[in-house]
Amino acid sequence: MNQPAKHWSRWIALAAVVLAIAWLVSRMERVEREIETGYRGEARANSLLAAERMLTSLGMAATSVESLRELPPDDATLILRDSGRFLAPAKIAELVAWADAGGNLVLLFPGDSTLLDQIEDDIEEGRFEMPLAEALGVHCVLHEPADGVWTVELGAGELEIALPGRMAFENTLGTADIVVGEDMSARLLSFERGLGRVTLVADDSWATNAELLDHDHAEVLWQLATLEGQRTRATIVFGEQPPGLLHLAWEHGSAAVIASAIVLVLLLWRAGSRLGPLLPELSHDRRDFSEHVVASAEFLWRHRASRALLAAPRTDLRRRIGIVRPDWSDLEPRALSERIAAETGLDAASVERALATPETTDPAQFVAAVRTLQSARKAL
């Protein structure tokens with residue numbers, strides 16, 4: 001193909017691509033769709049953020065925390081979103097004592113827990129009791145609701161609240177003055193406890209950011225937070241976090257932790273203590289290899305290892321004999337010494353001593369044996 005024809009073929013191909021793109025663009029249709037991206041920022045982490053801001057806007061100073069570190073004052077409201085699986089017995093006792101002293105405790109059972117199915121199975125088998133509810137004399141049961149929307153009377157008229165879950169409570173002690181549902185399958189129980197009040201709700205979804213504005217949920221939360229007198233502050237615990245390893249170790253084995261820390265400190269002190277003066281820094285100059293050989297030989301000689309030192313030249317001599325005089329390999333030491341002496345001109349007695357002496361502590365005898373073995377190897 002000549003050059004002009006090749007040039008035109010490129011332009012034709014480019015035009016075809018442009019036309020194809022233009023056709024695809026003309027066939028496209030712009031469609032707008034709404035995609036649920038969920039909550040962002042603080043609302044993504046805190047499912048009860050709307051409840052906190054609602055209480056604050058109504059005059060109750062509310063704060064949200066992820067886990068319960070310390071209890072608020074006795075005149076406050078504590079909204080605790082927790083199944084009690086990770087609450088330590090000591091913390092449960094503190095919560096009960098806090099309610100007895102005048103605190104208003106609102107306990108919400110998490111309805112979106114990933115372990116909810118397992119917990120419900122455990123309840124059916126009698127293996128699970130919400131620890132805090134049990135400490136308050138309330139038992140957990142499962143009950144299929146006829147309708148997920150319930151009516152609650154908190155002293156200011158009837159209100160609607162959505163509690164669709166299977167979790168329910170038994171009012172076994174008969175102390176509850178506010179009951180949503182039946183006494184033996186209540187979705188909400190509220191009763192006085194000492195100088196304070198305790199309210200247990202079998203689901204928390206109604207108080208979350210997504211559902212707080214549905215039905216009368218906001219009004220229900222406000223009235224629960226202000227039961228037993230006007231409360232000026234509220235603490236909302238929105239996370240249910242398992243305790244860390246250090247917390248568990250300290251709670252269940254503080255003596256072992258203290259003992260381990262003492263042992264660790266003693267080991268570090270011993271390892272870090274200085275024994276004697278500092279040694280001078282050694283020179284980094286490189287030494288001749290022969291110095292290492294001499295030093296190794298002197299070390300072996302001081303430790304009476306002449307047998308090992310004589311083994312090397314004897315092995316070299318026997319290897320040489322196996323190459324040049326293989327018929328001598330099976331001779332007795334005396335006969336072998338005579339053959340070597342006749343071949344090399346060395347003294348037969350010296351050769352025999354060099355081959356047969358097991359070890360020696362005499363330096364002159366050792367040097368003579370090594371010299372005789374090397375001379376015999378070189379002469380063969």
# chains A, B, ... in the order shown; residues from 1 in each chain; ligands from 1

$ select_by_dssp --residues "stretch 1-75 of chain A" --states "alpha helix (DSSP H)" --output "number ranges by chain"
A: 3-27, 42-45, 49-57

$ atom_distance --atom1 "atom CA of A:Leu188" --atom2 "atom CA of A:Val201"
4.6 Å

$ closest_residue --among "A:Glu66, A:His217, A:Ser337, A:Val96" --to "A:Ala45" --atoms "only C-alpha atoms"
A:Glu66

$ residues_around --residues "stretch 101-112 of chain A" --least-positions-apart "6" --cutoff "6 Å" --atoms "only C-alpha atoms" --output "list in words"
Asp74, Asp75, Ala76, Thr77, Leu78, Ile79, Leu80, Arg81, Asp82, Ser83, Leu195, Gly196, Arg197, Val198, Thr199, Leu200, Val201, Ala202, Asp203 and Asp204 of chain A

$ write_last_selection --atoms "N, CA and C atoms" --output "PDB file, in the first residue's frame"
ATOM      1  N   ASP A  74     -27.086  11.251  91.166  1.00  0.00           N
ATOM      2  CA  ASP A  74     -28.334  10.546  91.478  1.00  0.00           C
ATOM      3  C   ASP A  74     -29.572  11.238  90.937  1.00  0.00           C
ATOM      4  N   ASP A  75     -29.485  12.543  90.658  1.00  0.00           N
ATOM      5  CA  ASP A  75     -30.665  13.272  90.179  1.00  0.00           C
ATOM      6  C   ASP A  75     -30.741  13.289  88.653  1.00  0.00           C
ATOM      7  N   ALA A  76     -29.936  12.484  87.979  1.00  0.00           N
ATOM      8  CA  ALA A  76     -29.902  12.471  86.524  1.00  0.00           C
ATOM      9  C   ALA A  76     -30.643  11.255  85.979  1.00  0.00           C
ATOM     10  N   THR A  77     -30.829  11.242  84.666  1.00  0.00           N
ATOM     11  CA  THR A  77     -31.393  10.103  83.948  1.00  0.00           C
ATOM     12  C   THR A  77     -30.279   9.403  83.189  1.00  0.00           C
ATOM     13  N   LEU A  78     -30.251   8.090  83.283  1.00  0.00           N
ATOM     14  CA  LEU A  78     -29.273   7.291  82.554  1.00  0.00           C
ATOM     15  C   LEU A  78     -30.017   6.402  81.572  1.00  0.00           C
ATOM     16  N   ILE A  79     -29.826   6.649  80.270  1.00  0.00           N
ATOM     17  CA  ILE A  79     -30.414   5.826  79.217  1.00  0.00           C
ATOM     18  C   ILE A  79     -29.324   4.876  78.751  1.00  0.00           C
ATOM     19  N   LEU A  80     -29.485   3.625  79.088  1.00  0.00           N
ATOM     20  CA  LEU A  80     -28.446   2.623  78.860  1.00  0.00           C
ATOM     21  C   LEU A  80     -28.915   1.638  77.801  1.00  0.00           C
ATOM     22  N   ARG A  81     -28.242   1.645  76.661  1.00  0.00           N
ATOM     23  CA  ARG A  81     -28.526   0.679  75.587  1.00  0.00           C
ATOM     24  C   ARG A  81     -27.580  -0.497  75.762  1.00  0.00           C
ATOM     25  N   ASP A  82     -28.074  -1.574  76.368  1.00  0.00           N
ATOM     26  CA  ASP A  82     -27.173  -2.663  76.738  1.00  0.00           C
ATOM     27  C   ASP A  82     -27.998  -3.917  77.031  1.00  0.00           C
ATOM     28  N   SER A  83     -27.497  -5.053  76.561  1.00  0.00           N
ATOM     29  CA  SER A  83     -28.133  -6.323  76.900  1.00  0.00           C
ATOM     30  C   SER A  83     -27.571  -6.886  78.194  1.00  0.00           C
ATOM     31  N   LEU A 195     -35.304   5.108  96.017  1.00  0.00           N
ATOM     32  CA  LEU A 195     -35.657   6.512  95.810  1.00  0.00           C
ATOM     33  C   LEU A 195     -35.732   6.870  94.338  1.00  0.00           C
ATOM     34  N   GLY A 196     -35.439   5.931  93.469  1.00  0.00           N
ATOM     35  CA  GLY A 196     -35.412   6.214  92.039  1.00  0.00           C
ATOM     36  C   GLY A 196     -36.411   5.373  91.273  1.00  0.00           C
ATOM     37  N   ARG A 197     -36.144   5.231  89.979  1.00  0.00           N
ATOM     38  CA  ARG A 197     -37.060   4.489  89.102  1.00  0.00           C
ATOM     39  C   ARG A 197     -36.243   3.743  88.059  1.00  0.00           C
ATOM     40  N   VAL A 198     -36.787   2.578  87.663  1.00  0.00           N
ATOM     41  CA  VAL A 198     -36.168   1.750  86.633  1.00  0.00           C
ATOM     42  C   VAL A 198     -37.207   1.451  85.565  1.00  0.00           C
ATOM     43  N   THR A 199     -36.820   1.634  84.308  1.00  0.00           N
ATOM     44  CA  THR A 199     -37.684   1.312  83.172  1.00  0.00           C
ATOM     45  C   THR A 199     -36.919   0.393  82.237  1.00  0.00           C
ATOM     46  N   LEU A 200     -37.544  -0.739  81.896  1.00  0.00           N
ATOM     47  CA  LEU A 200     -36.946  -1.682  80.966  1.00  0.00           C
ATOM     48  C   LEU A 200     -37.793  -1.729  79.702  1.00  0.00           C
ATOM     49  N   VAL A 201     -37.154  -1.527  78.547  1.00  0.00           N
ATOM     50  CA  VAL A 201     -37.837  -1.554  77.260  1.00  0.00           C
ATOM     51  C   VAL A 201     -37.206  -2.663  76.424  1.00  0.00           C
ATOM     52  N   ALA A 202     -38.046  -3.511  75.822  1.00  0.00           N
ATOM     53  CA  ALA A 202     -37.548  -4.716  75.161  1.00  0.00           C
ATOM     54  C   ALA A 202     -36.938  -4.462  73.795  1.00  0.00           C
ATOM     55  N   ASP A 203     -36.927  -3.223  73.327  1.00  0.00           N
ATOM     56  CA  ASP A 203     -36.371  -2.913  72.010  1.00  0.00           C
ATOM     57  C   ASP A 203     -35.891  -1.469  72.035  1.00  0.00           C
ATOM     58  N   ASP A 204     -34.837  -1.175  71.267  1.00  0.00           N
ATOM     59  CA  ASP A 204     -34.309   0.186  71.245  1.00  0.00           C
ATOM     60  C   ASP A 204     -34.529   0.879  69.913  1.00  0.00           C
TER      61      ASP A 204
END

$ residues_around --residues "A:Gly345" --least-positions-apart "5" --cutoff "10 Å" --atoms "only C-alpha atoms" --output "PDB file with N, CA and C atoms, in the first residue's frame"
ATOM      1  N   GLU A 338      57.559 -49.173  58.361  1.00  0.00           N
ATOM      2  CA  GLU A 338      58.782 -49.599  57.687  1.00  0.00           C
ATOM      3  C   GLU A 338      58.719 -49.293  56.199  1.00  0.00           C
ATOM      4  N   ARG A 339      57.558 -49.535  55.563  1.00  0.00           N
ATOM      5  CA  ARG A 339      57.425 -49.217  54.144  1.00  0.00           C
ATOM      6  C   ARG A 339      57.590 -47.705  53.894  1.00  0.00           C
ATOM      7  N   ILE A 340      56.978 -46.897  54.774  1.00  0.00           N
ATOM      8  CA  ILE A 340      57.089 -45.442  54.595  1.00  0.00           C
ATOM      9  C   ILE A 340      58.541 -44.997  54.790  1.00  0.00           C
ATOM     10  N   ALA A 376      56.566 -37.223  55.460  1.00  0.00           N
ATOM     11  CA  ALA A 376      56.210 -38.474  54.786  1.00  0.00           C
ATOM     12  C   ALA A 376      55.176 -38.224  53.712  1.00  0.00           C
ATOM     13  N   ALA A 379      56.864 -36.642  50.688  1.00  0.00           N
ATOM     14  CA  ALA A 379      57.853 -37.507  49.998  1.00  0.00           C
ATOM     15  C   ALA A 379      57.188 -38.621  49.208  1.00  0.00           C
TER      16      ALA A 379
END

$ select_by_dssp --residues "stretch 4-211 of chain A" --states "strand (DSSP E)" --output "short mmCIF file (atom, residue, chain, number, x, y, z; two decimals) with N, CA and C atoms, in the first residue's frame"
data_model
loop_
_atom_site.label_atom_id
_atom_site.label_comp_id
_atom_site.auth_asym_id
_atom_site.auth_seq_id
_atom_site.Cartn_x
_atom_site.Cartn_y
_atom_site.Cartn_z
N ALA A 61 -29.86 18.79 79.84
CA ALA A 61 -28.48 18.69 79.34
C ALA A 61 -28.11 17.23 79.14
N ALA A 62 -28.05 16.80 77.88
CA ALA A 62 -27.80 15.39 77.57
C ALA A 62 -26.43 15.23 76.91
N THR A 63 -25.76 14.16 77.27
CA THR A 63 -24.47 13.81 76.66
C THR A 63 -24.50 12.33 76.29
N SER A 64 -23.79 11.97 75.22
CA SER A 64 -23.71 10.60 74.75
C SER A 64 -22.30 10.06 74.94
N VAL A 65 -22.21 8.85 75.41
CA VAL A 65 -20.92 8.17 75.58
C VAL A 65 -21.05 6.77 75.00
N THR A 77 -30.83 11.24 84.67
CA THR A 77 -31.39 10.10 83.95
C THR A 77 -30.28 9.40 83.19
N LEU A 78 -30.25 8.09 83.28
CA LEU A 78 -29.27 7.29 82.55
C LEU A 78 -30.02 6.40 81.57
N ILE A 79 -29.83 6.65 80.27
CA ILE A 79 -30.41 5.83 79.22
C ILE A 79 -29.32 4.88 78.75
N LEU A 80 -29.48 3.62 79.09
CA LEU A 80 -28.45 2.62 78.86
C LEU A 80 -28.91 1.64 77.80
N ARG A 81 -28.24 1.64 76.66
CA ARG A 81 -28.53 0.68 75.59
C ARG A 81 -27.58 -0.50 75.76
N ASN A 104 -32.69 7.72 87.75
CA ASN A 104 -33.73 7.28 86.82
C ASN A 104 -33.05 6.48 85.71
N LEU A 105 -33.16 5.15 85.76
CA LEU A 105 -32.49 4.25 84.83
C LEU A 105 -33.49 3.78 83.77
N VAL A 106 -33.15 4.05 82.50
CA VAL A 106 -33.95 3.58 81.37
C VAL A 106 -33.07 2.60 80.60
N LEU A 107 -33.43 1.32 80.65
CA LEU A 107 -32.62 0.27 80.03
C LEU A 107 -33.28 -0.15 78.73
N LEU A 108 -32.56 0.03 77.61
CA LEU A 108 -33.04 -0.35 76.29
C LEU A 108 -32.30 -1.59 75.83
N HIS A 139 -37.48 -11.22 84.76
CA HIS A 139 -37.02 -12.32 83.92
C HIS A 139 -37.33 -12.03 82.46
N CYS A 140 -36.44 -12.56 81.57
CA CYS A 140 -36.61 -12.38 80.13
C CYS A 140 -37.37 -13.56 79.55
N VAL A 141 -38.31 -13.27 78.65
CA VAL A 141 -39.06 -14.31 77.94
C VAL A 141 -39.19 -13.88 76.49
N LEU A 142 -39.69 -14.79 75.66
CA LEU A 142 -39.99 -14.49 74.27
C LEU A 142 -41.49 -14.61 74.06
N VAL A 149 -47.23 -2.28 67.22
CA VAL A 149 -47.46 -0.95 67.78
C VAL A 149 -48.28 -1.11 69.06
N TRP A 150 -47.77 -0.48 70.15
CA TRP A 150 -48.39 -0.62 71.46
C TRP A 150 -48.78 0.75 72.00
N THR A 151 -49.68 0.73 72.96
CA THR A 151 -50.12 1.96 73.63
C THR A 151 -49.53 2.00 75.03
N VAL A 152 -48.98 3.15 75.40
CA VAL A 152 -48.37 3.31 76.71
C VAL A 152 -48.94 4.56 77.37
N GLU A 153 -49.22 4.46 78.63
CA GLU A 153 -49.72 5.58 79.43
C GLU A 153 -48.68 5.93 80.48
N GLU A 158 -52.46 8.73 76.45
CA GLU A 158 -51.97 7.54 75.77
C GLU A 158 -51.05 7.93 74.60
N LEU A 159 -49.98 7.17 74.47
CA LEU A 159 -49.00 7.38 73.41
C LEU A 159 -48.75 6.06 72.70
N GLU A 160 -48.36 6.14 71.42
CA GLU A 160 -48.07 4.95 70.63
C GLU A 160 -46.56 4.76 70.50
N ILE A 161 -46.15 3.51 70.63
CA ILE A 161 -44.74 3.16 70.51
C ILE A 161 -44.64 1.84 69.76
N ALA A 162 -43.69 1.76 68.82
CA ALA A 162 -43.48 0.54 68.03
C ALA A 162 -42.43 -0.33 68.70
N MET A 167 -38.64 -10.01 72.25
CA MET A 167 -38.21 -9.92 73.63
C MET A 167 -39.32 -9.35 74.51
N ALA A 168 -39.47 -9.94 75.68
CA ALA A 168 -40.48 -9.47 76.64
C ALA A 168 -39.97 -9.74 78.06
N PHE A 169 -40.67 -9.16 79.04
CA PHE A 169 -40.27 -9.29 80.44
C PHE A 169 -41.45 -9.81 81.27
N GLU A 170 -41.10 -10.52 82.34
CA GLU A 170 -42.12 -11.00 83.28
C GLU A 170 -42.10 -10.13 84.53
N ILE A 178 -46.19 0.70 85.51
CA ILE A 178 -46.40 0.98 84.09
C ILE A 178 -46.04 -0.29 83.33
N VAL A 179 -47.00 -0.87 82.62
CA VAL A 179 -46.79 -2.12 81.90
C VAL A 179 -47.36 -1.96 80.50
N VAL A 180 -46.54 -2.27 79.49
CA VAL A 180 -47.00 -2.31 78.11
C VAL A 180 -47.10 -3.77 77.72
N GLY A 181 -48.31 -4.26 77.50
CA GLY A 181 -48.53 -5.67 77.25
C GLY A 181 -49.04 -6.35 78.52
N GLU A 182 -48.86 -7.65 78.61
CA GLU A 182 -49.30 -8.40 79.77
C GLU A 182 -48.18 -8.48 80.81
N SER A 185 -45.64 -10.99 79.85
CA SER A 185 -45.02 -10.81 78.53
C SER A 185 -45.03 -9.33 78.17
N ALA A 186 -44.45 -8.53 79.04
CA ALA A 186 -44.49 -7.07 78.88
C ALA A 186 -43.37 -6.60 77.95
N ARG A 187 -43.72 -5.64 77.08
CA ARG A 187 -42.70 -5.04 76.22
C ARG A 187 -42.00 -3.88 76.94
N LEU A 188 -42.68 -3.32 77.92
CA LEU A 188 -42.11 -2.21 78.70
C LEU A 188 -42.58 -2.36 80.13
N LEU A 189 -41.63 -2.26 81.05
CA LEU A 189 -41.92 -2.29 82.48
C LEU A 189 -41.27 -1.08 83.12
N SER A 190 -41.99 -0.43 84.02
CA SER A 190 -41.43 0.68 84.76
C SER A 190 -41.91 0.59 86.20
N PHE A 191 -40.97 0.71 87.14
CA PHE A 191 -41.33 0.59 88.55
C PHE A 191 -40.35 1.40 89.39
N GLU A 192 -40.85 1.78 90.57
CA GLU A 192 -40.00 2.51 91.50
C GLU A 192 -38.98 1.56 92.12
N ARG A 193 -37.81 2.09 92.36
CA ARG A 193 -36.73 1.29 92.97
C ARG A 193 -36.05 2.17 94.00
N GLY A 196 -35.44 5.93 93.47
CA GLY A 196 -35.41 6.21 92.04
C GLY A 196 -36.41 5.37 91.27
N ARG A 197 -36.14 5.23 89.98
CA ARG A 197 -37.06 4.49 89.10
C ARG A 197 -36.24 3.74 88.06
N VAL A 198 -36.79 2.58 87.66
CA VAL A 198 -36.17 1.75 86.63
C VAL A 198 -37.21 1.45 85.57
N THR A 199 -36.82 1.63 84.31
CA THR A 199 -37.68 1.31 83.17
C THR A 199 -36.92 0.39 82.24
N LEU A 200 -37.54 -0.74 81.90
CA LEU A 200 -36.95 -1.68 80.97
C LEU A 200 -37.79 -1.73 79.70
N VAL A 201 -37.15 -1.53 78.55
CA VAL A 201 -37.84 -1.55 77.26
C VAL A 201 -37.21 -2.66 76.42
#

$ residues_around --residues "stretch 318-322 of chain A" --least-positions-apart "6" --cutoff "8 Å" --atoms "only C-alpha atoms" --output "PyMOL selection string"
chain A and resi 328-329+377+380

$ write_last_selection --atoms "N, CA and C atoms" --output "mmCIF file, in the first residue's frame"
data_model
loop_
_atom_site.group_PDB
_atom_site.id
_atom_site.type_symbol
_atom_site.label_atom_id
_atom_site.label_comp_id
_atom_site.auth_asym_id
_atom_site.auth_seq_id
_atom_site.Cartn_x
_atom_site.Cartn_y
_atom_site.Cartn_z
ATOM 1 N N TRP A 328 49.241 -50.480 50.390
ATOM 2 C CA TRP A 328 49.721 -50.338 51.777
ATOM 3 C C TRP A 328 48.559 -50.098 52.764
ATOM 4 N N SER A 329 47.373 -49.855 52.263
ATOM 5 C CA SER A 329 46.274 -49.403 53.139
ATOM 6 C C SER A 329 45.933 -50.420 54.211
ATOM 7 N N ARG A 377 54.185 -37.359 53.962
ATOM 8 C CA ARG A 377 53.156 -37.092 52.954
ATOM 9 C C ARG A 377 53.743 -36.428 51.722
ATOM 10 N N LEU A 380 55.994 -38.981 49.519
ATOM 11 C CA LEU A 380 55.341 -40.074 48.795
ATOM 12 C C LEU A 380 54.855 -39.616 47.416
#

$ closest_residue --among "A:Arg353, A:Met54, A:Pro131, A:Asp147" --to "A:Glu219" --atoms "only C-alpha atoms"
A:Met54

$ atom_distance --atom1 "atom CA of A:Trp206" --atom2 "atom CA of A:Val220"
9.6 Å

$ atom_distance --atom1 "atom CA of A:Leu373" --atom2 "atom CA of A:Pro313"
6.2 Å

$ residues_around --residues "A:Leu355" --least-positions-apart "5" --cutoff "9 Å" --atoms "only C-alpha atoms" --output "JSON list (two decimals) with C-alpha atoms, in the first residue's frame"
[["chain", "number", "residue", "atom", "x", "y", "z"],
["A", 310, "LEU", "CA", 47.35, -35.08, 65.32],
["A", 314, "ARG", "CA", 47.48, -38.49, 59.99],
["A", 333, "PRO", "CA", 51.15, -49.94, 61.80],
["A", 337, "SER", "CA", 55.97, -47.51, 59.18],
["A", 350, "SER", "CA", 59.91, -41.88, 64.27],
["A", 369, "ALA", "CA", 55.32, -36.13, 65.15],
["A", 373, "LEU", "CA", 53.84, -36.90, 59.16]]

$ closest_residue --among "A:Phe238, A:Ala261, A:Ile21, A:Asn171" --to "A:Asn46" --atoms "only C-alpha atoms"
A:Phe238
